[in-house]
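As stored in input08.csv (CSV, C-alpha atoms):
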```csv
chain,number,residue,atom,x,y,z
A,1,MET,CA,37.2,22.7,-59.4
A,2,THR,CA,34.3,25.0,-58.6
A,3,GLY,CA,31.8,22.2,-59.5
A,4,HIS,CA,33.7,19.8,-57.2
A,5,THR,CA,33.6,22.3,-54.4
A,6,ALA,CA,29.9,22.8,-54.9
A,7,THR,CA,29.3,19.0,-54.8
A,8,GLU,CA,31.3,18.7,-51.6
A,9,ARG,CA,29.2,21.5,-50.0
A,10,LEU,CA,26.0,19.8,-51.1
A,11,LEU,CA,27.1,16.5,-49.6
A,12,ARG,CA,28.2,18.2,-46.4
A,13,ARG,CA,24.8,19.9,-46.1
A,14,GLU,CA,23.1,16.6,-46.7
A,15,ARG,CA,25.1,14.9,-43.8
A,16,LEU,CA,24.2,17.8,-41.6
A,17,LEU,CA,20.6,17.7,-42.6
A,18,VAL,CA,20.3,14.0,-41.8
A,19,VAL,CA,22.1,14.3,-38.5
A,20,ALA,CA,20.0,17.4,-37.5
A,21,GLY,CA,16.8,15.5,-38.4
A,22,LEU,CA,17.7,12.5,-36.2
A,23,LEU,CA,18.7,14.8,-33.3
A,24,GLY,CA,15.5,16.8,-33.8
A,25,VAL,CA,13.3,13.8,-33.7
A,26,CYS,CA,15.0,12.3,-30.7
A,27,LEU,CA,15.0,15.6,-28.8
A,28,LEU,CA,11.3,16.3,-29.5
A,29,SER,CA,10.5,12.7,-28.3
A,30,TRP,CA,12.3,13.2,-25.0
A,31,VAL,CA,10.6,16.6,-24.5
A,32,TYR,CA,7.2,15.1,-25.1
A,33,LEU,CA,8.0,12.3,-22.6
A,34,LEU,CA,9.1,14.8,-20.0
A,35,ASP,CA,5.9,16.7,-20.5
A,36,GLY,CA,3.9,13.6,-19.7
A,37,ALA,CA,3.4,12.2,-23.2
A,38,GLY,CA,-0.2,13.5,-23.4
A,39,THR,CA,-1.3,11.6,-20.3
A,40,GLY,CA,-1.8,14.7,-18.2
A,41,MET,CA,0.4,13.1,-15.6
A,42,SER,CA,3.7,14.4,-14.3
A,43,THR,CA,6.7,12.1,-15.2
A,44,VAL,CA,8.3,13.2,-12.0
A,45,ALA,CA,5.4,11.8,-10.0
A,46,MET,CA,5.7,8.5,-11.9
A,47,THR,CA,9.4,8.3,-11.4
A,48,THR,CA,11.0,6.4,-8.5
A,49,TRP,CA,14.3,4.7,-7.7
A,50,GLN,CA,12.4,2.2,-5.5
A,51,PHE,CA,12.2,-1.3,-6.9
A,52,PRO,CA,9.7,-2.9,-6.8
A,53,PRO,CA,7.8,0.3,-7.0
A,54,PRO,CA,5.3,1.0,-4.1
A,55,ARG,CA,1.9,-0.7,-4.5
A,56,TYR,CA,-1.2,1.3,-4.6
A,57,GLY,CA,-4.9,0.4,-4.5
A,58,GLY,CA,-7.4,1.6,-6.9
A,59,THR,CA,-10.3,0.6,-9.2
A,60,VAL,CA,-10.0,-0.6,-12.7
A,61,ALA,CA,-11.3,2.0,-15.2
A,62,ALA,CA,-12.5,1.7,-18.8
A,63,TRP,CA,-10.4,3.2,-21.6
A,64,PRO,CA,-12.2,5.7,-23.8
A,65,ALA,CA,-11.1,5.7,-27.5
A,66,VAL,CA,-9.1,8.8,-27.1
A,67,TYR,CA,-7.1,7.2,-24.2
A,68,TRP,CA,-6.2,4.3,-26.5
A,69,LEU,CA,-4.7,6.8,-28.9
A,70,ILE,CA,-2.8,8.6,-26.2
A,71,MET,CA,-1.4,5.3,-24.9
A,72,VAL,CA,-0.3,4.2,-28.4
A,73,GLY,CA,1.3,7.7,-29.0
A,74,MET,CA,3.0,7.5,-25.6
A,75,TRP,CA,4.5,4.1,-26.3
A,76,TRP,CA,5.6,5.1,-29.8
A,77,VAL,CA,7.2,8.3,-28.8
A,78,MET,CA,8.9,6.5,-25.9
A,79,MET,CA,10.3,3.8,-28.3
A,80,ILE,CA,11.6,6.5,-30.6
A,81,ALA,CA,13.3,8.3,-27.8
A,82,MET,CA,14.9,5.1,-26.5
A,83,MET,CA,15.8,3.4,-29.7
A,84,LEU,CA,16.7,6.1,-32.2
A,85,PRO,CA,20.1,6.9,-30.7
A,86,SER,CA,21.2,3.2,-31.1
A,87,ALA,CA,19.8,3.1,-34.6
A,88,ALA,CA,21.6,6.2,-35.7
A,89,PRO,CA,24.7,4.5,-37.0
A,90,MET,CA,22.6,2.3,-39.4
A,91,ILE,CA,20.7,5.2,-40.6
A,92,LEU,CA,23.8,7.4,-41.2
A,93,LEU,CA,25.5,4.6,-43.0
A,94,TYR,CA,22.5,4.1,-45.2
A,95,ALA,CA,22.5,7.8,-46.0
A,96,ARG,CA,26.2,7.6,-46.9
A,97,VAL,CA,25.8,4.6,-49.2
A,98,VAL,CA,22.8,6.3,-51.0
A,99,ARG,CA,24.8,9.5,-51.3
A,100,HIS,CA,27.7,7.8,-53.0
A,101,ASN,CA,25.4,5.8,-55.3
A,102,ARG,CA,23.3,8.7,-56.6
A,103,LYS,CA,23.9,11.9,-58.5
A,104,PRO,CA,24.4,14.8,-56.1
A,105,ALA,CA,21.2,16.5,-57.5
A,106,ALA,CA,19.1,13.5,-56.6
A,107,GLY,CA,20.3,13.7,-53.0
A,108,ALA,CA,20.1,11.1,-50.2
A,109,VAL,CA,17.7,12.9,-47.8
A,110,VAL,CA,14.4,11.6,-49.2
A,111,PRO,CA,15.4,7.9,-49.3
A,112,THR,CA,17.0,8.2,-45.8
A,113,ALA,CA,13.7,9.7,-44.6
A,114,ALA,CA,11.9,6.7,-46.1
A,115,PHE,CA,14.3,4.3,-44.3
A,116,LEU,CA,13.7,6.2,-41.0
A,117,LEU,CA,9.9,6.0,-41.6
A,118,GLY,CA,10.1,2.3,-42.1
A,119,TYR,CA,12.0,1.9,-38.9
A,120,LEU,CA,9.5,4.0,-37.0
A,121,VAL,CA,6.6,2.0,-38.5
A,122,ALA,CA,8.1,-1.2,-37.0
A,123,TRP,CA,8.1,0.4,-33.5
A,124,LEU,CA,4.6,1.7,-34.1
A,125,LEU,CA,3.5,-2.0,-34.5
A,126,PHE,CA,5.3,-2.8,-31.3
A,127,SER,CA,3.6,0.1,-29.6
A,128,LEU,CA,0.2,-1.1,-30.6
A,129,ALA,CA,0.9,-4.6,-29.1
A,130,ALA,CA,2.4,-3.0,-25.9
A,131,THR,CA,-0.7,-0.8,-25.5
A,132,LEU,CA,-3.0,-3.8,-25.8
A,133,LEU,CA,-0.9,-5.7,-23.3
A,134,GLN,CA,-1.0,-2.7,-20.9
A,135,TRP,CA,-4.8,-2.7,-21.1
A,136,LEU,CA,-5.0,-6.4,-20.4
A,137,LEU,CA,-2.7,-6.2,-17.4
A,138,GLU,CA,-4.5,-3.2,-16.1
A,139,GLN,CA,-7.9,-4.8,-16.5
A,140,ALA,CA,-6.6,-7.8,-14.6
A,141,GLY,CA,-5.4,-5.6,-11.8
A,142,LEU,CA,-1.7,-6.5,-12.3
A,143,VAL,CA,-0.7,-3.0,-13.4
A,144,HIS,CA,-1.8,0.2,-11.7
A,145,GLY,CA,-3.8,2.4,-14.1
A,146,MET,CA,-2.4,5.7,-13.0
A,147,MET,CA,1.2,5.0,-12.1
A,148,MET,CA,1.5,2.4,-14.9
A,149,TRP,CA,3.7,0.0,-13.0
A,150,SER,CA,3.3,-3.6,-11.7
A,151,ASN,CA,1.0,-4.1,-8.7
A,152,SER,CA,2.0,-7.8,-8.6
A,153,HIS,CA,5.2,-9.3,-7.2
A,154,THR,CA,4.6,-12.4,-9.3
A,155,LEU,CA,4.2,-10.4,-12.5
A,156,THR,CA,7.4,-8.5,-11.8
A,157,ALA,CA,9.3,-11.7,-11.2
A,158,ILE,CA,7.9,-13.2,-14.4
A,159,LEU,CA,9.0,-10.2,-16.4
A,160,LEU,CA,12.5,-10.2,-14.9
A,161,LEU,CA,12.9,-14.0,-15.6
A,162,GLY,CA,11.5,-13.6,-19.1
A,163,ALA,CA,13.8,-10.8,-20.0
A,164,GLY,CA,16.8,-12.5,-18.4
A,165,PHE,CA,16.3,-15.8,-20.2
A,166,TYR,CA,15.7,-14.0,-23.5
A,167,GLN,CA,19.0,-12.1,-23.0
A,168,LEU,CA,20.7,-15.5,-23.0
A,169,SER,CA,18.8,-17.0,-26.0
A,170,PRO,CA,20.1,-17.6,-29.5
A,171,LEU,CA,17.3,-15.4,-31.0
A,172,LYS,CA,18.6,-12.4,-29.0
A,173,ASN,CA,22.1,-13.0,-30.3
A,174,THR,CA,20.9,-13.3,-33.9
A,175,CYS,CA,18.9,-10.1,-33.9
A,176,LEU,CA,21.7,-8.2,-32.0
A,177,ALA,CA,24.2,-9.4,-34.7
A,178,HIS,CA,22.1,-7.8,-37.4
A,179,CYS,CA,21.6,-4.6,-35.4
A,180,ARG,CA,25.4,-4.3,-34.7
A,181,SER,CA,26.5,-4.9,-38.4
A,182,PRO,CA,25.1,-2.1,-40.5
A,183,ALA,CA,27.2,-2.8,-43.5
A,184,ALA,CA,26.3,-6.5,-43.5
A,185,PHE,CA,22.6,-5.7,-43.1
A,186,LEU,CA,22.7,-3.3,-46.0
A,187,SER,CA,24.5,-5.7,-48.3
A,188,ARG,CA,22.0,-8.5,-47.5
A,189,HIS,CA,18.8,-6.5,-47.5
A,190,TRP,CA,19.5,-3.8,-50.1
A,191,HIS,CA,16.5,-2.6,-52.2
A,192,ASN,CA,16.6,0.4,-54.5
A,193,GLY,CA,14.2,3.3,-54.5
A,194,ARG,CA,12.1,4.9,-51.8
A,195,THR,CA,9.9,1.8,-51.4
A,196,GLY,CA,13.0,-0.2,-51.0
A,197,ALA,CA,14.3,2.2,-48.4
A,198,LEU,CA,11.0,2.0,-46.5
A,199,ARG,CA,11.1,-1.8,-46.7
A,200,MET,CA,14.7,-1.9,-45.4
A,201,GLY,CA,13.9,0.4,-42.5
A,202,LEU,CA,11.0,-1.8,-41.6
A,203,VAL,CA,13.1,-4.9,-41.6
A,204,HIS,CA,15.8,-3.2,-39.6
A,205,GLY,CA,13.2,-2.1,-37.1
A,206,LEU,CA,11.8,-5.6,-36.8
A,207,TYR,CA,15.3,-6.9,-36.0
A,208,CYS,CA,15.7,-4.2,-33.3
A,209,ILE,CA,12.3,-5.3,-31.9
A,210,GLY,CA,13.5,-8.9,-31.9
A,211,CYS,CA,16.6,-7.7,-30.0
A,212,CYS,CA,14.9,-5.6,-27.4
A,213,TRP,CA,11.2,-6.4,-27.0
A,214,MET,CA,11.6,-8.3,-23.7
A,215,LEU,CA,13.7,-5.5,-22.2
A,216,MET,CA,11.0,-3.0,-23.2
A,217,LEU,CA,8.4,-5.1,-21.4
A,218,LEU,CA,10.4,-4.5,-18.2
A,219,LEU,CA,8.9,-1.0,-18.2
A,220,PHE,CA,5.7,-2.7,-16.8
A,221,ALA,CA,7.9,-3.9,-13.8
A,222,GLY,CA,9.6,-0.6,-13.1
A,223,GLY,CA,7.1,1.9,-14.5
A,224,VAL,CA,6.1,2.7,-18.1
A,225,MET,CA,6.7,6.4,-17.5
A,226,ASN,CA,9.4,6.0,-14.9
A,227,LEU,CA,12.3,8.1,-16.2
A,228,VAL,CA,14.8,6.0,-14.3
A,229,TRP,CA,13.8,2.9,-16.1
A,230,ILE,CA,13.4,4.6,-19.5
A,231,ALA,CA,16.8,6.1,-19.4
A,232,GLY,CA,18.4,3.0,-17.9
A,233,LEU,CA,17.0,0.7,-20.6
A,234,ALA,CA,17.9,3.2,-23.4
A,235,LEU,CA,21.5,3.2,-22.1
A,236,LEU,CA,21.6,-0.6,-21.9
A,237,VAL,CA,20.3,-0.9,-25.5
A,238,LEU,CA,22.9,1.6,-26.6
A,239,LEU,CA,25.7,-0.3,-24.9
A,240,GLU,CA,24.6,-3.6,-26.4
A,241,LYS,CA,24.9,-2.1,-29.9
A,242,LEU,CA,28.0,-0.1,-29.6
A,243,VAL,CA,30.5,-1.6,-27.1
A,244,PRO,CA,33.3,-3.8,-28.6
A,245,ARG,CA,32.3,-6.9,-26.6
A,246,PRO,CA,28.5,-7.0,-26.4
A,247,ALA,CA,28.3,-10.6,-25.2
A,248,LEU,CA,29.7,-9.6,-21.8
A,249,VAL,CA,27.0,-6.9,-21.4
A,250,VAL,CA,24.2,-9.2,-22.7
A,251,ARG,CA,25.1,-12.2,-20.7
A,252,SER,CA,25.8,-10.4,-17.4
A,253,THR,CA,22.6,-8.5,-17.7
A,254,GLY,CA,20.7,-11.8,-18.4
A,255,VAL,CA,22.2,-13.5,-15.4
A,256,MET,CA,21.4,-10.6,-13.1
A,257,LEU,CA,17.8,-10.4,-14.4
A,258,VAL,CA,17.3,-14.1,-13.9
A,259,ALA,CA,18.7,-14.0,-10.4
A,260,ALA,CA,16.5,-11.0,-9.5
A,261,GLY,CA,13.4,-12.7,-10.9
A,262,ALA,CA,14.2,-15.9,-9.1
A,263,VAL,CA,14.6,-14.1,-5.8
A,264,MET,CA,11.3,-12.2,-6.3
A,265,LEU,CA,9.5,-15.4,-7.3
A,266,LEU,CA,10.8,-17.2,-4.2
A,267,GLN,CA,9.7,-14.2,-2.0
A,268,ALA,CA,6.3,-14.3,-3.5
A,269,ALA,CA,6.0,-18.1,-2.8
A,270,VAL,CA,7.4,-17.9,0.8
A,271,TYR,CA,5.5,-14.8,1.9
A,272,GLY,CA,2.4,-15.3,-0.1
A,273,TRP,CA,2.7,-12.1,-2.0
A,274,ALA,CA,0.5,-11.8,-5.1
```
Encoded form (structure tokens):
Amino acid sequence: MTGHTATERLLRRERLLVVAGLLGVCLLSWVYLLDGAGTGMSTVAMTTWQFPPPRYGGTVAAWPAVYWLIMVGMWWVMMIAMMLPSAAPMILLYARVVRHNRKPAAGAVVPTAAFLLGYLVAWLLFSLAATLLQWLLEQAGLVHGMMMWSNSHTLTAILLLGAGFYQLSPLKNTCLAHCRSPAAFLSRHWHNGRTGALRMGLVHGLYCIGCCWMLMLLLFAGGVMNLVWIAGLALLVLLEKLVPRPALVVRSTGVMLVAAGAVMLLQAAVYGWA
């Protein structure tokens, strides 16, 4: 009886440790973003409800090596802050499965940490690609270097159209189905050990990227460090993964984005806006 009680206490502590770890990582990510994410800029100054954001002039500046690192870190921390809440059900279910399949002394914390690491590595890969794209757009004068939002009506329209059509695509539905079905994902992709956990976390992260990458690129339209867009997109991703009828959210969002993009593209053509 005593041993059984001790086991229950151990399992309870493990659950609390995993939950506390996820909350801690998410909270620290949001604090880092609110502090400017190492850019030296105020997120308040880069936040606006206006859309499209105001256009500013300015010169194109070179990126020193340290700035590349700052930008990659900014994107990575931002993706963690936005995506980790929606990934929490998968991570917690994985921890529960491991906990029930292992001896109590072995614990589930270490393999769960490996799963989380694999998930974060996937978003690091996305952050590297997003940073490169940001540099290309900034060098082309399409994204303002300091405010980090679109300086081009046409670019904004293309981003809206791309995100909208992707919301309505079969690939979006396939990736979202994997993200919304933790039990099915674990049964199909299960691998034992820490390496297996790392691999599973990476695969799950890649499915999440497949589900949300075009939505994340909308940050170039509204502002990479615009808290209104960061919080709004994070909430949209959470709704897509947790509401009982995600198709309604996904399709309605897709239609609205396509409509907004079409209007902006028409305005750009009629008024000659770049």
Nearest to Ile158 in chain A, chosen from A:Leu202, A:Leu217, A:Leu239, A:Val31, with only C-alpha atoms counted in the distances: A:Leu217
Taking into account all atoms listed in the file, which residue in the set A:Trp76, A:Gly210, A:Ser152, A:Gly21 is nearest to Gly57 in chain A?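 Closest to Gly57 in chain A of all the choices is A:Ser152.
For Val77 in chain A, the set of protein, DNA and RNA residues having any atom at most 10 Å away, when counting all atoms listed in the file and skipping those fewer than 5 positions along the same chain, is Val25, Cys26, Leu28, Ser29, Trp30, Val31, Tyr32, Leu33, Ala37, Met71, Val72, Met82, Met83, Leu120, Trp123, Leu124 and Ser127 of chain A.
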Surrounding residues of Leu116 in chain A excluding itself and chain neighbours under 3 positions, 8 Å, all atoms listed in the file, as a short mmCIF file (atom, residue, chain, number, x, y, z; two decimals) with C-alpha atoms, in the coordinates of the input:
```
data_model
loop_
_atom_site.label_atom_id
_atom_site.label_comp_id
_atom_site.auth_asym_id
_atom_site.auth_seq_id
_atom_site.Cartn_x
_atom_site.Cartn_y
_atom_site.Cartn_z
CA ILE A 91 20.70 5.20 -40.60
CA THR A 112 17.00 8.20 -45.80
CA ALA A 113 13.70 9.70 -44.60
CA TYR A 119 12.00 1.90 -38.90
CA LEU A 120 9.50 4.00 -37.00
CA LEU A 198 11.00 2.00 -46.50
CA GLY A 201 13.90 0.40 -42.50
#
```
Measure the distance from CA of Thr253 in chain A to CA of Ile209 in chain A in Å and round it to one decimal.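 Taking CA of Thr253 in chain A as the start and CA of Ile209 in chain A as the end point, the length is 17.8 Å.
Of the residues under consideration (A:Leu215, A:Ile80, A:Leu265, A:Val18), A:Leu215 shows the shortest atom-to-atom contact distance to Gly164 in chain A when counting all atoms listed in the file.
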Tell me, in Å to one decimal, how far CA of Ser86 in chain A is from CA of Ala108 in chain A. 20.7 Å
Among the residues A:Ala88, A:Val44, A:Leu93, A:Ala221, the one that comes closest to Ala260 in chain A [using all atoms listed in the file]: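 Under the stated criterion, the closest residue is A:Ala221.
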To one decimal in Å, tell me the separation between CA of Met78 in chain A and CA of Ala95 in chain A.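 A separation of 24.3 Å between them.
Proximity to Leu125 in chain A was assessed for A:Gly222, A:Gly73, A:Pro182, A:Gly232 counting all atoms listed in the file; the smallest distance is recorded for A:Gly73.
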List as a list in words the residues having at least one atom at most 12 Å from position (19.7, -7.4, -46.7) as given in the file, counting only C-alpha atoms.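 Residues found, by chain and rising number: Tyr94, His178, Cys179, Ser181, Pro182, Ala183, Ala184, Phe185, Leu186, Ser187, Arg188, His189, Trp190, His191, Asn192, Gly196, Ala197, Arg199, Met200, Gly201, Leu202, Val203, His204 and Tyr207 of chain A.
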Using all atoms listed in the file, can you tell me which of A:Cys208, A:Leu155, A:Ala130, A:Met147 comes closest to Met46 in chain A?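 Counting all atoms listed in the file, the residue closest to Met46 in chain A is A:Met147.
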Each residue of range 28-95 of chain A with at least one atom at most 12 Å from range 139-143 of chain A should appear once, together with its nearest atom pair and the corresponding distance in Å (one decimal); atoms considered: only C-alpha atoms; ordering: chain, then increasing residue number; output as CSV.
```
residue,atom,partner,partner_atom,distance
A:Pro53,CA,A:Val143,CA,11.1
A:Pro54,CA,A:Val143,CA,11.8
A:Arg55,CA,A:Val143,CA,9.6
A:Tyr56,CA,A:Val143,CA,9.8
A:Gly57,CA,A:Gly141,CA,9.5
A:Gly58,CA,A:Gly141,CA,8.9
A:Thr59,CA,A:Gly141,CA,8.3
A:Val60,CA,A:Gln139,CA,6.0
A:Ala61,CA,A:Gln139,CA,7.7
A:Ala62,CA,A:Gln139,CA,8.3
A:Trp63,CA,A:Gln139,CA,9.8
```
